[in-house]
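Peer 1: To be precise about what I am sending: the file is called upload.csv and holds CSV, C-alpha atoms.
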chain,number,residue,atom,x,y,z
A,3,MET,CA,-15.3,23.5,-1.9
A,4,PHE,CA,-12.6,24.6,-4.3
A,5,GLU,CA,-12.1,28.2,-5.4
A,6,PHE,CA,-9.9,29.0,-8.3
A,7,ILE,CA,-9.0,32.7,-8.6
A,8,ASP,CA,-7.2,33.8,-11.8
A,9,VAL,CA,-5.3,30.5,-12.0
A,10,ALA,CA,-2.9,29.9,-14.8
A,11,VAL,CA,-0.3,27.1,-15.5
A,12,LYS,CA,2.7,27.6,-17.8
A,13,LYS,CA,5.3,25.1,-18.5
A,14,GLU,CA,8.4,25.4,-20.7
A,15,GLY,CA,6.9,28.5,-22.3
A,16,ARG,CA,3.6,26.8,-23.0
A,17,VAL,CA,0.3,28.0,-21.5
A,18,LEU,CA,-1.5,24.9,-20.2
A,19,LEU,CA,-4.3,26.7,-18.4
A,20,SER,CA,-5.2,30.3,-18.2
A,21,ASP,CA,-7.8,32.6,-16.6
A,22,ILE,CA,-9.5,29.9,-14.5
A,23,ASN,CA,-12.0,31.5,-12.2
A,24,ILE,CA,-14.3,28.9,-10.8
A,25,THR,CA,-15.9,27.5,-7.7
A,26,LEU,CA,-16.5,23.8,-7.3
A,27,SER,CA,-19.0,22.7,-4.7
A,28,GLU,CA,-21.2,20.1,-6.3
A,29,GLN,CA,-20.9,16.4,-5.1
A,30,ARG,CA,-20.5,15.1,-8.7
A,31,ILE,CA,-18.6,17.2,-11.2
A,32,GLY,CA,-17.4,15.9,-14.6
A,33,ILE,CA,-14.7,17.3,-16.8
A,34,ILE,CA,-14.6,16.7,-20.6
A,35,GLY,CA,-12.5,18.0,-23.5
A,36,LEU,CA,-10.3,17.0,-26.3
A,37,ASN,CA,-6.9,15.4,-25.8
A,38,GLY,CA,-4.3,17.9,-24.7
A,39,SER,CA,-7.0,20.5,-23.7
A,40,GLY,CA,-5.7,20.9,-20.1
A,41,LYS,CA,-8.1,18.5,-18.3
A,42,SER,CA,-5.4,16.5,-16.5
A,43,THR,CA,-3.4,19.6,-15.5
A,44,PHE,CA,-6.7,21.0,-14.1
A,45,ALA,CA,-7.3,17.8,-12.2
A,46,LYS,CA,-3.7,17.8,-10.8
A,47,LEU,CA,-4.2,21.3,-9.5
A,48,LEU,CA,-7.1,20.0,-7.3
A,49,ASN,CA,-4.8,17.6,-5.5
A,50,GLY,CA,-1.8,19.9,-5.4
A,51,LEU,CA,0.2,17.6,-7.7
A,52,ASP,CA,0.6,20.7,-10.0
A,53,ILE,CA,0.9,24.2,-8.6
A,54,PRO,CA,-0.3,27.2,-10.5
A,55,SER,CA,2.2,29.6,-12.1
A,56,SER,CA,-0.1,32.4,-11.0
A,57,GLY,CA,-3.4,32.8,-9.2
A,58,ILE,CA,-4.7,31.1,-6.0
A,59,ILE,CA,-6.5,27.9,-5.3
A,60,ARG,CA,-8.4,27.6,-2.1
A,61,TYR,CA,-9.9,24.4,-0.6
A,62,GLN,CA,-12.3,25.0,2.2
A,63,GLY,CA,-11.0,28.6,2.3
A,64,SER,CA,-7.4,27.6,2.8
A,65,PRO,CA,-4.6,27.9,0.1
A,66,ASP,CA,-2.4,25.3,2.0
A,67,VAL,CA,-1.3,22.7,-0.5
A,68,LYS,CA,-0.3,20.0,2.0
A,69,ALA,CA,-3.6,20.3,3.8
A,70,ARG,CA,-5.4,20.0,0.5
A,71,ARG,CA,-3.4,16.9,-0.5
A,72,ARG,CA,-4.4,15.2,2.7
A,73,GLU,CA,-8.1,15.8,1.9
A,74,VAL,CA,-8.1,15.1,-1.9
A,75,GLY,CA,-7.4,11.6,-3.3
A,76,PHE,CA,-6.5,11.0,-6.9
A,77,VAL,CA,-7.2,7.9,-8.9
A,78,PHE,CA,-5.2,7.7,-12.1
A,79,GLN,CA,-6.1,6.2,-15.5
A,80,ASN,CA,-3.6,3.4,-15.3
A,81,PRO,CA,-3.6,1.5,-12.0
A,82,ASP,CA,-0.2,-0.1,-12.9
A,83,ASN,CA,1.3,3.3,-12.3
A,84,GLN,CA,-0.5,3.9,-9.1
A,85,ILE,CA,0.1,0.6,-7.2
A,86,VAL,CA,3.5,1.1,-5.5
A,87,TYR,CA,4.0,-2.2,-3.6
A,88,PRO,CA,4.1,-5.6,-5.2
A,89,ILE,CA,1.6,-7.2,-2.8
A,90,VAL,CA,-1.9,-5.6,-2.6
A,91,GLY,CA,-2.1,-5.6,1.2
A,92,GLU,CA,1.2,-3.8,1.4
A,93,ASP,CA,0.2,-1.3,-1.1
A,94,LEU,CA,-2.9,-0.4,0.8
A,95,GLN,CA,-0.7,0.2,3.8
A,96,PHE,CA,1.6,2.6,1.9
A,97,GLY,CA,-0.4,5.8,2.2
A,98,LEU,CA,-1.5,5.1,5.7
A,99,LYS,CA,2.1,4.6,6.9
A,100,ASN,CA,3.0,7.9,5.2
A,101,LEU,CA,0.3,9.4,7.5
A,102,ARG,CA,2.1,7.7,10.4
A,103,LEU,CA,-1.1,6.1,11.7
A,104,PRO,CA,-0.9,3.4,14.4
A,105,ALA,CA,-0.8,-0.2,13.2
A,106,ALA,CA,-4.3,-1.0,14.7
A,107,GLU,CA,-5.9,1.9,12.8
A,108,ILE,CA,-4.1,0.9,9.5
A,109,THR,CA,-5.5,-2.7,9.9
A,110,ARG,CA,-9.0,-1.4,10.7
A,111,ARG,CA,-9.1,0.9,7.7
A,112,ILE,CA,-7.8,-1.8,5.3
A,113,GLU,CA,-10.2,-4.5,6.5
A,114,GLU,CA,-13.1,-2.1,6.3
A,115,ILE,CA,-12.3,-1.0,2.7
A,116,ALA,CA,-11.4,-4.5,1.6
A,117,GLN,CA,-14.7,-5.9,2.8
A,118,ARG,CA,-16.7,-3.0,1.3
A,119,PHE,CA,-15.2,-3.5,-2.1
A,120,GLN,CA,-15.0,-7.3,-1.9
A,121,ILE,CA,-11.2,-7.4,-2.4
A,122,THR,CA,-10.3,-9.2,0.9
A,123,HIS,CA,-9.2,-12.2,-1.2
A,124,LEU,CA,-6.8,-10.1,-3.1
A,125,LEU,CA,-4.8,-8.7,-0.1
A,126,ASP,CA,-2.1,-11.4,-0.3
A,127,ARG,CA,-1.9,-11.4,-4.1
A,128,PHE,CA,0.7,-9.8,-6.3
A,129,ALA,CA,-0.6,-6.7,-8.0
A,130,HIS,CA,0.9,-7.7,-11.4
A,131,GLN,CA,-1.1,-10.9,-11.3
A,132,LEU,CA,-4.5,-9.2,-11.0
A,133,SER,CA,-6.9,-8.4,-13.9
A,134,GLY,CA,-7.3,-4.8,-15.1
A,135,GLY,CA,-10.6,-4.5,-13.2
A,136,GLU,CA,-9.1,-5.8,-10.0
A,137,ARG,CA,-6.1,-3.5,-10.2
A,138,GLN,CA,-8.4,-0.5,-10.7
A,139,MET,CA,-10.4,-1.5,-7.6
A,140,VAL,CA,-7.2,-1.9,-5.6
A,141,ALA,CA,-6.0,1.6,-6.8
A,142,LEU,CA,-9.3,3.0,-5.7
A,143,ALA,CA,-9.1,1.2,-2.4
A,144,GLY,CA,-5.6,2.6,-1.9
A,145,VAL,CA,-7.0,6.1,-2.1
A,146,LEU,CA,-10.1,5.4,0.0
A,147,VAL,CA,-8.2,4.0,2.9
A,148,MET,CA,-6.7,7.5,3.3
A,149,GLU,CA,-10.3,8.7,3.9
A,150,PRO,CA,-10.2,11.7,1.6
A,151,LYS,CA,-13.1,14.2,1.4
A,152,VAL,CA,-12.8,14.6,-2.3
A,153,ILE,CA,-11.7,12.1,-5.0
A,154,VAL,CA,-10.4,13.1,-8.4
A,155,PHE,CA,-10.6,10.4,-11.1
A,156,ASP,CA,-8.6,10.8,-14.3
A,157,GLU,CA,-10.3,8.6,-16.9
A,158,PRO,CA,-10.7,5.7,-14.6
A,159,THR,CA,-12.6,3.5,-17.0
A,160,THR,CA,-10.5,3.9,-20.1
A,161,LEU,CA,-8.7,0.6,-19.7
A,162,LEU,CA,-11.6,-1.5,-18.4
A,163,ASP,CA,-14.0,-3.9,-20.1
A,164,LEU,CA,-17.8,-3.5,-19.8
A,165,LYS,CA,-18.2,-5.7,-16.8
A,166,ASN,CA,-15.3,-4.1,-14.8
A,167,LYS,CA,-16.4,-0.6,-15.9
A,168,ARG,CA,-19.9,-1.3,-14.5
A,169,GLN,CA,-18.4,-2.6,-11.2
A,170,LEU,CA,-16.1,0.4,-10.8
A,171,LEU,CA,-18.9,2.9,-11.6
A,172,LYS,CA,-21.1,1.1,-9.0
A,173,ALA,CA,-18.3,1.6,-6.5
A,174,ILE,CA,-17.9,5.2,-7.4
A,175,ASP,CA,-21.6,5.8,-7.2
A,176,SER,CA,-21.6,4.5,-3.6
A,177,LEU,CA,-19.0,7.0,-2.5
A,178,SER,CA,-20.1,9.7,-0.1
A,179,GLN,CA,-17.2,11.9,-1.0
A,180,GLN,CA,-17.2,14.7,-3.6
A,181,VAL,CA,-16.2,13.2,-6.9
A,182,ILE,CA,-14.5,15.1,-9.7
A,183,MET,CA,-14.1,12.9,-12.8
A,184,ILE,CA,-12.4,13.4,-16.1
A,185,SER,CA,-13.8,11.1,-18.8
A,186,HIS,CA,-14.1,10.7,-22.5
A,187,ASP,CA,-17.1,8.4,-21.8
A,188,LEU,CA,-19.8,11.0,-21.9
A,189,ASP,CA,-22.6,8.7,-20.7
A,190,ILE,CA,-20.9,8.1,-17.4
A,191,LEU,CA,-21.1,11.9,-16.7
A,192,ARG,CA,-24.7,12.3,-17.6
A,193,PRO,CA,-26.0,11.8,-14.0
A,194,PHE,CA,-23.5,14.3,-12.7
A,195,ALA,CA,-24.6,17.6,-11.2
A,196,ARG,CA,-22.3,19.7,-13.3
A,197,VAL,CA,-19.9,19.3,-16.2
A,198,LEU,CA,-17.0,21.5,-17.3
A,199,GLN,CA,-15.7,21.5,-20.9
A,200,ILE,CA,-12.0,22.5,-21.1
A,201,GLU,CA,-10.6,23.6,-24.4
A,202,ASN,CA,-7.2,25.2,-25.1
A,203,GLY,CA,-6.5,25.6,-21.4
A,204,ALA,CA,-9.7,27.5,-20.6
A,205,ILE,CA,-13.1,26.6,-19.5
A,206,LYS,CA,-15.3,26.7,-22.6
A,207,ARG,CA,-18.6,25.4,-21.2
A,208,ASP,CA,-19.8,25.0,-17.6
A,209,GLY,CA,-23.3,23.9,-16.7
A,210,ALA,CA,-25.8,21.1,-16.3
A,211,ALA,CA,-24.4,17.7,-17.6
A,212,ALA,CA,-27.0,17.2,-20.3
A,213,GLU,CA,-26.5,20.7,-21.7
A,214,VAL,CA,-22.7,20.7,-21.8
A,215,ILE,CA,-22.5,17.1,-23.1
A,216,GLU,CA,-24.9,17.8,-26.0
A,217,SER,CA,-23.1,21.0,-27.0
A,218,TYR,CA,-19.8,19.1,-27.0
A,219,ARG,CA,-21.2,16.2,-29.0
A,220,GLY,CA,-22.8,18.7,-31.5
A,221,GLU,CA,-19.4,20.3,-31.9
A,222,TYR,CA,-17.2,17.2,-32.3
A,223,ALA,CA,-19.3,14.1,-32.9
B,30,MET,CA,19.9,-9.6,-7.2
B,31,ILE,CA,16.2,-8.8,-6.7
B,32,SER,CA,13.4,-11.2,-7.5
B,33,GLU,CA,9.8,-10.2,-7.2
B,34,GLY,CA,8.2,-13.4,-5.9
B,35,TYR,CA,7.5,-13.8,-2.2
B,36,VAL,CA,6.6,-17.4,-1.5
B,37,LYS,CA,4.4,-17.8,1.6
B,38,ARG,CA,5.5,-20.6,4.0
B,39,ASP,CA,5.5,-21.1,7.7
B,40,SER,CA,9.2,-21.4,8.4
B,41,VAL,CA,11.9,-20.1,10.7
B,42,ILE,CA,13.6,-18.4,7.8
B,43,HIS,CA,10.3,-16.7,6.8
B,44,SER,CA,9.8,-15.4,10.3
B,45,ALA,CA,13.4,-14.3,11.0
B,46,ALA,CA,13.9,-10.5,11.3
B,47,PRO,CA,14.4,-9.0,7.8
B,48,SER,CA,17.5,-7.0,9.0
B,49,LEU,CA,19.0,-10.2,10.3
B,50,LYS,CA,18.5,-11.9,6.9
B,51,ILE,CA,20.0,-8.9,5.0
B,52,ILE,CA,23.1,-8.9,7.3
B,53,SER,CA,23.4,-12.7,7.1
B,54,LEU,CA,23.3,-12.4,3.3
B,55,ALA,CA,26.0,-9.7,3.2
B,56,VAL,CA,28.2,-11.8,5.5
B,57,PHE,CA,27.6,-15.0,3.6
B,58,CYS,CA,28.3,-13.4,0.2
B,59,THR,CA,31.5,-11.8,1.5
B,60,ALA,CA,32.6,-15.1,2.9
B,61,VAL,CA,31.9,-16.9,-0.4
B,62,PHE,CA,33.9,-14.3,-2.3
B,63,LEU,CA,36.8,-14.8,0.1
B,64,LEU,CA,36.8,-18.6,-0.1
B,65,THR,CA,39.3,-19.9,-2.6
B,66,SER,CA,38.9,-23.6,-2.4
B,67,TRP,CA,36.4,-25.8,-4.2
B,68,GLN,CA,35.4,-27.7,-1.1
B,69,TRP,CA,34.4,-24.6,0.9
B,70,VAL,CA,32.4,-23.1,-1.9
B,71,ALA,CA,30.7,-26.4,-2.6
B,72,LEU,CA,29.9,-26.6,1.2
B,73,ALA,CA,28.4,-23.0,1.0
B,74,GLY,CA,26.3,-24.1,-1.9
B,75,GLY,CA,25.1,-27.2,-0.1
B,76,MET,CA,24.3,-25.0,3.0
B,77,THR,CA,22.2,-22.7,0.8
B,78,LEU,CA,20.2,-25.6,-0.6
B,79,VAL,CA,19.7,-26.9,3.0
B,80,ALA,CA,18.4,-23.4,3.8
B,81,TYR,CA,15.8,-23.7,1.0
B,82,LYS,CA,14.7,-27.0,2.6
B,83,VAL,CA,14.5,-25.3,6.1
B,84,ALA,CA,12.4,-22.6,4.5
B,85,ARG,CA,10.1,-25.4,3.2
B,86,LEU,CA,10.9,-24.6,-0.4
B,87,ASN,CA,12.0,-27.1,-3.0
B,88,LEU,CA,14.6,-27.2,-5.8
B,89,SER,CA,12.3,-25.7,-8.4
B,90,HIS,CA,12.1,-22.5,-6.2
B,91,ALA,CA,15.9,-22.5,-6.3
B,92,TYR,CA,15.9,-23.0,-10.0
B,93,GLN,CA,13.5,-20.1,-10.5
B,94,GLY,CA,16.2,-17.8,-8.9
B,95,LEU,CA,18.9,-19.0,-11.3
B,96,LYS,CA,16.7,-19.2,-14.4
B,97,PRO,CA,16.8,-15.4,-15.3
B,98,THR,CA,20.6,-15.4,-14.9
B,99,LEU,CA,21.4,-18.5,-17.0
B,100,ALA,CA,22.4,-16.6,-20.1
B,101,ILE,CA,24.7,-14.3,-18.1
B,102,LEU,CA,26.2,-17.2,-16.2
B,103,ALA,CA,26.8,-19.1,-19.5
B,104,ALA,CA,28.5,-16.0,-21.0
B,105,ILE,CA,30.7,-15.7,-17.9
B,106,PHE,CA,31.6,-19.4,-18.0
B,107,ILE,CA,32.5,-19.3,-21.7
B,108,PHE,CA,34.7,-16.2,-21.3
B,109,GLN,CA,36.4,-17.5,-18.2
B,110,THR,CA,37.0,-20.9,-19.9
B,111,ILE,CA,38.7,-19.1,-22.8
B,112,PHE,CA,40.8,-16.8,-20.7
B,113,VAL,CA,41.6,-18.7,-17.5
B,114,GLY,CA,40.7,-22.3,-18.2
B,115,LEU,CA,38.0,-24.7,-17.4
B,116,PRO,CA,38.7,-25.4,-13.7
B,117,LEU,CA,38.7,-21.8,-12.6
B,118,ALA,CA,35.7,-21.0,-14.9
B,119,ALA,CA,33.7,-23.8,-13.2
B,120,PHE,CA,34.8,-22.5,-9.8
B,121,ILE,CA,33.6,-18.9,-10.7
B,122,LEU,CA,30.3,-20.3,-12.0
B,123,LEU,CA,29.7,-22.2,-8.8
B,124,ARG,CA,30.5,-19.2,-6.7
B,125,PHE,CA,28.1,-16.9,-8.6
B,126,SER,CA,25.4,-19.5,-8.5
B,127,CYS,CA,25.8,-19.8,-4.8
B,128,LEU,CA,25.5,-16.0,-4.3
B,129,ILE,CA,22.4,-15.8,-6.6
B,130,LEU,CA,20.7,-18.7,-4.8
B,131,ALA,CA,21.3,-17.1,-1.4
B,132,ALA,CA,20.0,-13.7,-2.5
B,133,HIS,CA,17.0,-15.4,-4.1
B,134,LEU,CA,16.3,-17.2,-0.9
B,135,VAL,CA,16.2,-14.0,1.1
B,136,THR,CA,13.9,-12.2,-1.4
B,137,ILE,CA,11.4,-15.1,-1.7
B,138,THR,CA,11.2,-15.5,2.1
B,139,THR,CA,10.7,-11.8,2.8
B,140,ARG,CA,7.7,-9.7,2.0
B,141,SER,CA,8.7,-6.6,0.1
B,142,SER,CA,7.4,-4.3,2.9
B,143,GLU,CA,9.4,-6.3,5.5
B,144,PHE,CA,12.4,-6.1,3.3
B,145,VAL,CA,12.0,-2.3,3.1
B,146,GLU,CA,11.5,-2.1,6.9
B,147,GLY,CA,14.7,-4.3,7.4
B,148,ILE,CA,16.7,-1.9,5.2
B,149,LEU,CA,15.2,1.1,7.1
B,150,SER,CA,16.1,-0.4,10.4
B,151,LEU,CA,19.7,-0.9,9.2
B,152,LEU,CA,19.8,2.6,7.9
B,153,ARG,CA,19.0,3.9,11.3
B,154,TYR,CA,22.7,3.7,12.0
B,155,ALA,CA,23.6,5.6,8.9
B,156,PRO,CA,24.6,9.3,9.1
B,157,GLY,CA,21.7,11.8,9.0
B,158,TRP,CA,22.3,12.9,5.4
B,159,VAL,CA,21.5,9.4,4.1
B,160,PRO,CA,17.9,9.6,2.8
B,161,ALA,CA,16.7,6.3,4.4
B,162,GLY,CA,13.0,6.8,3.5
B,163,LYS,CA,13.8,7.5,-0.2
B,164,ILE,CA,16.2,4.5,-0.4
B,165,ALA,CA,13.5,2.2,1.0
B,166,LEU,CA,10.8,3.6,-1.3
B,167,ALA,CA,13.2,3.1,-4.3
B,168,ILE,CA,13.7,-0.5,-3.4
B,169,SER,CA,10.0,-1.2,-3.0
B,170,LEU,CA,9.4,0.5,-6.4
B,171,SER,CA,12.1,-1.6,-8.0
B,172,LEU,CA,10.4,-4.8,-6.7
B,173,ARG,CA,7.0,-3.6,-7.9
B,174,PHE,CA,8.1,-2.5,-11.3
B,175,ILE,CA,10.3,-5.4,-12.5
B,176,PRO,CA,7.2,-7.3,-13.7
B,177,MET,CA,5.7,-4.1,-15.2
B,178,VAL,CA,8.8,-3.4,-17.3
B,179,ARG,CA,8.9,-7.0,-18.3
B,180,SER,CA,5.3,-6.9,-19.5
B,181,VAL,CA,5.9,-3.6,-21.4
B,182,PHE,CA,8.9,-5.2,-23.0
B,183,ALA,CA,6.7,-8.2,-24.1
B,184,GLU,CA,4.1,-5.8,-25.6
B,185,VAL,CA,6.7,-3.8,-27.4
B,186,ARG,CA,8.3,-6.9,-28.8
B,187,MET,CA,5.0,-8.2,-30.0
B,188,ALA,CA,4.2,-4.9,-31.7
B,189,GLN,CA,7.6,-4.8,-33.4
B,190,ARG,CA,7.3,-8.4,-34.4
B,191,ALA,CA,4.0,-7.5,-36.2
B,192,ARG,CA,6.1,-5.0,-38.2
B,193,GLY,CA,9.0,-7.5,-38.7
B,194,LEU,CA,11.3,-5.4,-36.4
B,195,ASP,CA,11.6,-7.8,-33.4
B,196,LYS,CA,15.3,-8.4,-34.2
B,197,ASN,CA,16.0,-4.6,-34.3
B,198,LEU,CA,17.4,-3.6,-30.9
B,199,LEU,CA,16.7,0.1,-31.4
B,200,ALA,CA,13.1,-0.6,-32.3
B,201,LEU,CA,12.7,-2.6,-29.1
B,202,LEU,CA,14.6,-0.3,-26.8
B,203,ASN,CA,13.3,3.1,-28.0
B,204,PRO,CA,9.6,2.5,-27.1
B,205,LEU,CA,10.5,0.6,-24.0
B,206,ILE,CA,12.6,3.5,-22.6
B,207,VAL,CA,10.0,6.1,-23.6
B,208,ARG,CA,7.2,4.2,-22.0
B,209,THR,CA,9.2,3.4,-18.9
B,210,LEU,CA,10.2,7.1,-18.5
B,211,LYS,CA,6.5,8.2,-19.0
B,212,SER,CA,5.4,5.6,-16.4
B,213,GLY,CA,8.1,7.0,-14.1
B,214,ASP,CA,6.5,10.5,-14.2
B,215,GLN,CA,3.1,9.0,-13.5
B,216,ILE,CA,4.4,6.8,-10.7
B,217,SER,CA,6.1,9.9,-9.2
B,218,ASP,CA,2.7,11.7,-9.2
B,219,ALA,CA,0.9,8.7,-7.7
B,220,VAL,CA,3.5,8.4,-4.9
B,221,ARG,CA,3.1,12.1,-4.2
B,222,ALA,CA,-0.7,11.9,-4.2
B,223,ARG,CA,-0.5,9.3,-1.5
B,224,SER,CA,2.3,11.0,0.5
B,225,PRO,CA,0.8,14.3,1.6
B,226,ASP,CA,3.9,15.3,3.5
B,227,LEU,CA,6.4,14.7,0.7
Before we go any further, please render this structure as structure tokens.

Peer 2:
Amino acid sequence: MFEFIDVAVKKEGRVLLSDINITLSEQRIGIIGLNGSGKSTFAKLLNGLDIPSSGIIRYQGSPDVKARRREVGFVFQNPDNQIVYPIVGEDLQFGLKNLRLPAAEITRRIEEIAQRFQITHLLDRFAHQLSGGERQMVALAGVLVMEPKVIVFDEPTTLLDLKNKRQLLKAIDSLSQQVIMISHDLDILRPFARVLQIENGAIKRDGAAAEVIESYRGEYA
Amino acid sequence: MISEGYVKRDSVIHSAAPSLKIISLAVFCTAVFLLTSWQWVALAGGMTLVAYKVARLNLSHAYQGLKPTLAILAAIFIFQTIFVGLPLAAFILLRFSCLILAAHLVTITTRSSEFVEGILSLLRYAPGWVPAGKIALAISLSLRFIPMVRSVFAEVRMAQRARGLDKNLLALLNPLIVRTLKSGDQISDAVRARSPDL
């Protein structure tokens, strides 16, 4: 569970987020809003990639950023910027080696995730030779091998075609972790327990998915 | 010289320790630079091609290593021919080709993670202030992002061609640099997201 207390983010004299007081405990939470509204900054705070200029963020009661980063995975919009090593298998090892896990444990986790998401045949392939959908699955696998308790998705389906989008959403749907997802594709967020609308760096709406999405559509569609 | 393509084979060169390959390459390149006679450099070139054979690779693999550098080699050859004459220009061309082929052999017979581990194991002997982990990560990122920058360049070139600007260097470089820098920020976030202790 995340707790934001009076959180604000300012950069280069600009206020990106202000007065964020919120608790996030639901298993599926969506985030919507216009471009430049502060959604990505908010998402990065969850993982500790950004730190607030003022206020406190607690995860499971603790404000420790390093502990939070171990528990919170992050899947970016563009998998090209997320896959660090040229070969898929090596990339999956990257985060695990950073955790200094023993070789046997690294192998076990990679095999398990590769089988679960049917990417075993991709392990020896070059990342740049994969399709967009395969790359996004590899990016997700790279996060899942770290066994996070929460996964933040920043517009994960934007670059995908319909088939790959469906496949990725099926994979996300099967996750037992808490999922917090930014998306402009409002239909994806409809089954979520809660949706936040961020506007001008503040939370404008917060509530049941159908209610928030309809109000947002009514306002801008 | 960094090439991105590991070629999987079951050979003694593939299975050799990465640190040994890196040291051998450094020694070989130094020796080739010190050699001043045609015969010795030709012998070094011959040995490099034999090494390709030992690695169960063929001449087309060797050519793939030279191909991206052909324009630069041609420019060097032309300038050297003008300024120092044909025999020395040909000698310099042979020497550079030999170095490129040897470096290419090391990179296509070594997985990037092994390459990084090889460098890390060599950096063990470096003074404490040398950021070994960061150097290794920088090398792996370079290997990963060569094809990415290439594909961004292809996209930019196509977009500028549509506007009739594909011959305008500024129109090609500006978006390429902006996109690469933007990707750099995102990559930095992605690395941090998967490196909790950084």

Peer 1: List every protein, DNA or RNA residue with an atom no more than 7 Å from (17.1, -5.1, 0.6) in the file's coordinates, counting only C-alpha atoms, and format the result as a VMD selection string.

Peer 2: chain B and resid 51 144 to 145 148 168

Peer 1: Quick one: residues within 8 Å of A:Phe119, only C-alpha atoms counted, chain neighbours fewer than 5 positions away excluded, as number ranges by chain?

Peer 2: A: 139, 143, 173

Peer 1: Please produce an output containing C-alpha atoms for each residue in the selection, written as a PDB file, in the frame of the given file.

Peer 2:
ATOM      1  CA  MET A 139     -10.400  -1.500  -7.600  1.00  0.00           C
ATOM      2  CA  ALA A 143      -9.100   1.200  -2.400  1.00  0.00           C
ATOM      3  CA  ALA A 173     -18.300   1.600  -6.500  1.00  0.00           C
TER       4      ALA A 173
END

Peer 1: Identify, on the basis of all atoms listed in the file, every residue whose closest approach to stretch 104-113 of chain B does not exceed 12 Å; exclude the query and any residue fewer than 4 positions from it along the same chain; express the result as a list of chain:residue names.

Peer 2: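 Once the nearby chain positions are removed, what remains is B:Thr98, B:Leu99, B:Ala100, B:Leu117, B:Ala118, B:Ala119, B:Phe120, B:Ile121, B:Leu122, B:Leu123, B:Arg124, B:Phe125, B:Ser126.
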
Peer 1: Please build the interface table for chain A against chain B with a cut-off of 7 Å, listing for each qualifying residue the nearest atom pair and the distance in Å to one decimal; count all atoms listed in the file, order rows by chain and increasing number, and write it as a tab-separated table.

Peer 2:
residue	atom	partner	partner_atom	distance
A:Leu51	CA	B:Asp218	CA	6.6
A:Lys68	CA	B:Pro225	CA	5.8
A:Arg71	CA	B:Pro225	CA	5.4
A:Arg72	CA	B:Pro225	CA	5.4
A:Gly75	CA	B:Ala222	CA	6.8
A:Phe76	CA	B:Ala222	CA	6.5
A:Asn83	CA	B:Ile216	CA	4.9
A:Gln84	CA	B:Ala219	CA	5.2
A:Val86	CA	B:Leu170	CA	6.0
A:Tyr87	CA	B:Arg173	CA	5.4
A:Pro88	CA	B:Arg173	CA	4.4
A:Glu92	CA	B:Ser142	CA	6.4
A:Gly97	CA	B:Arg223	CA	5.1
A:Asn100	CA	B:Ser224	CA	5.7
A:His130	CA	B:Pro176	CA	6.7

Peer 1: Extract, using only C-alpha atoms, all DNA, RNA and protein residues at most 9 Å from A:Gly135, discarding same-chain residues fewer than 3 positions from it, and format them as a list in words.

Peer 2: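 That gives Leu132, Gln138, Met139, Val140, Leu161, Leu162, Asp163, Lys165, Asn166, Lys167, Gln169 and Leu170 of chain A.
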
Peer 1: Given the point (-22.4, 18.8, -20.4) in the coordinates of this file, which residues lie within 8 Å, counting only C-alpha atoms, and how would they look as a short mmCIF file (atom, residue, chain, number, x, y, z; two decimals) with C-alpha atoms, in the coordinates of the input?

Peer 2:
data_model
loop_
_atom_site.label_atom_id
_atom_site.label_comp_id
_atom_site.auth_asym_id
_atom_site.auth_seq_id
_atom_site.Cartn_x
_atom_site.Cartn_y
_atom_site.Cartn_z
CA LEU A 191 -21.10 11.90 -16.70
CA ARG A 192 -24.70 12.30 -17.60
CA ARG A 196 -22.30 19.70 -13.30
CA VAL A 197 -19.90 19.30 -16.20
CA LEU A 198 -17.00 21.50 -17.30
CA GLN A 199 -15.70 21.50 -20.90
CA ARG A 207 -18.60 25.40 -21.20
CA ASP A 208 -19.80 25.00 -17.60
CA GLY A 209 -23.30 23.90 -16.70
CA ALA A 210 -25.80 21.10 -16.30
CA ALA A 211 -24.40 17.70 -17.60
CA ALA A 212 -27.00 17.20 -20.30
CA GLU A 213 -26.50 20.70 -21.70
CA VAL A 214 -22.70 20.70 -21.80
CA ILE A 215 -22.50 17.10 -23.10
CA GLU A 216 -24.90 17.80 -26.00
CA SER A 217 -23.10 21.00 -27.00
CA TYR A 218 -19.80 19.10 -27.00
#

Peer 1: Env of B:Ser53: 10 Å cut, atoms = only C-alpha atoms, seq-sep filter 6 positions within chain, self excluded. Answer as a PyMOL selection string.

Peer 2: chain B and resi 47+59+131+135

Peer 1: Set the distance at 12 Å and use all atoms listed in the file: which residues neighbour A:Lys13 once local chain neighbours fewer than 2 positions away are removed? I'd like the list as an mmCIF file with C-alpha atoms, in the coordinates of the input.

Peer 2:
data_model
loop_
_atom_site.group_PDB
_atom_site.id
_atom_site.type_symbol
_atom_site.label_atom_id
_atom_site.label_comp_id
_atom_site.auth_asym_id
_atom_site.auth_seq_id
_atom_site.Cartn_x
_atom_site.Cartn_y
_atom_site.Cartn_z
ATOM 1 C CA ALA A 10 -2.900 29.900 -14.800
ATOM 2 C CA VAL A 11 -0.300 27.100 -15.500
ATOM 3 C CA GLY A 15 6.900 28.500 -22.300
ATOM 4 C CA ARG A 16 3.600 26.800 -23.000
ATOM 5 C CA VAL A 17 0.300 28.000 -21.500
ATOM 6 C CA LEU A 18 -1.500 24.900 -20.200
ATOM 7 C CA LEU A 19 -4.300 26.700 -18.400
ATOM 8 C CA SER A 20 -5.200 30.300 -18.200
ATOM 9 C CA GLY A 40 -5.700 20.900 -20.100
ATOM 10 C CA THR A 43 -3.400 19.600 -15.500
ATOM 11 C CA ASP A 52 0.600 20.700 -10.000
ATOM 12 C CA ILE A 53 0.900 24.200 -8.600
ATOM 13 C CA PRO A 54 -0.300 27.200 -10.500
ATOM 14 C CA SER A 55 2.200 29.600 -12.100
ATOM 15 C CA SER A 56 -0.100 32.400 -11.000
#
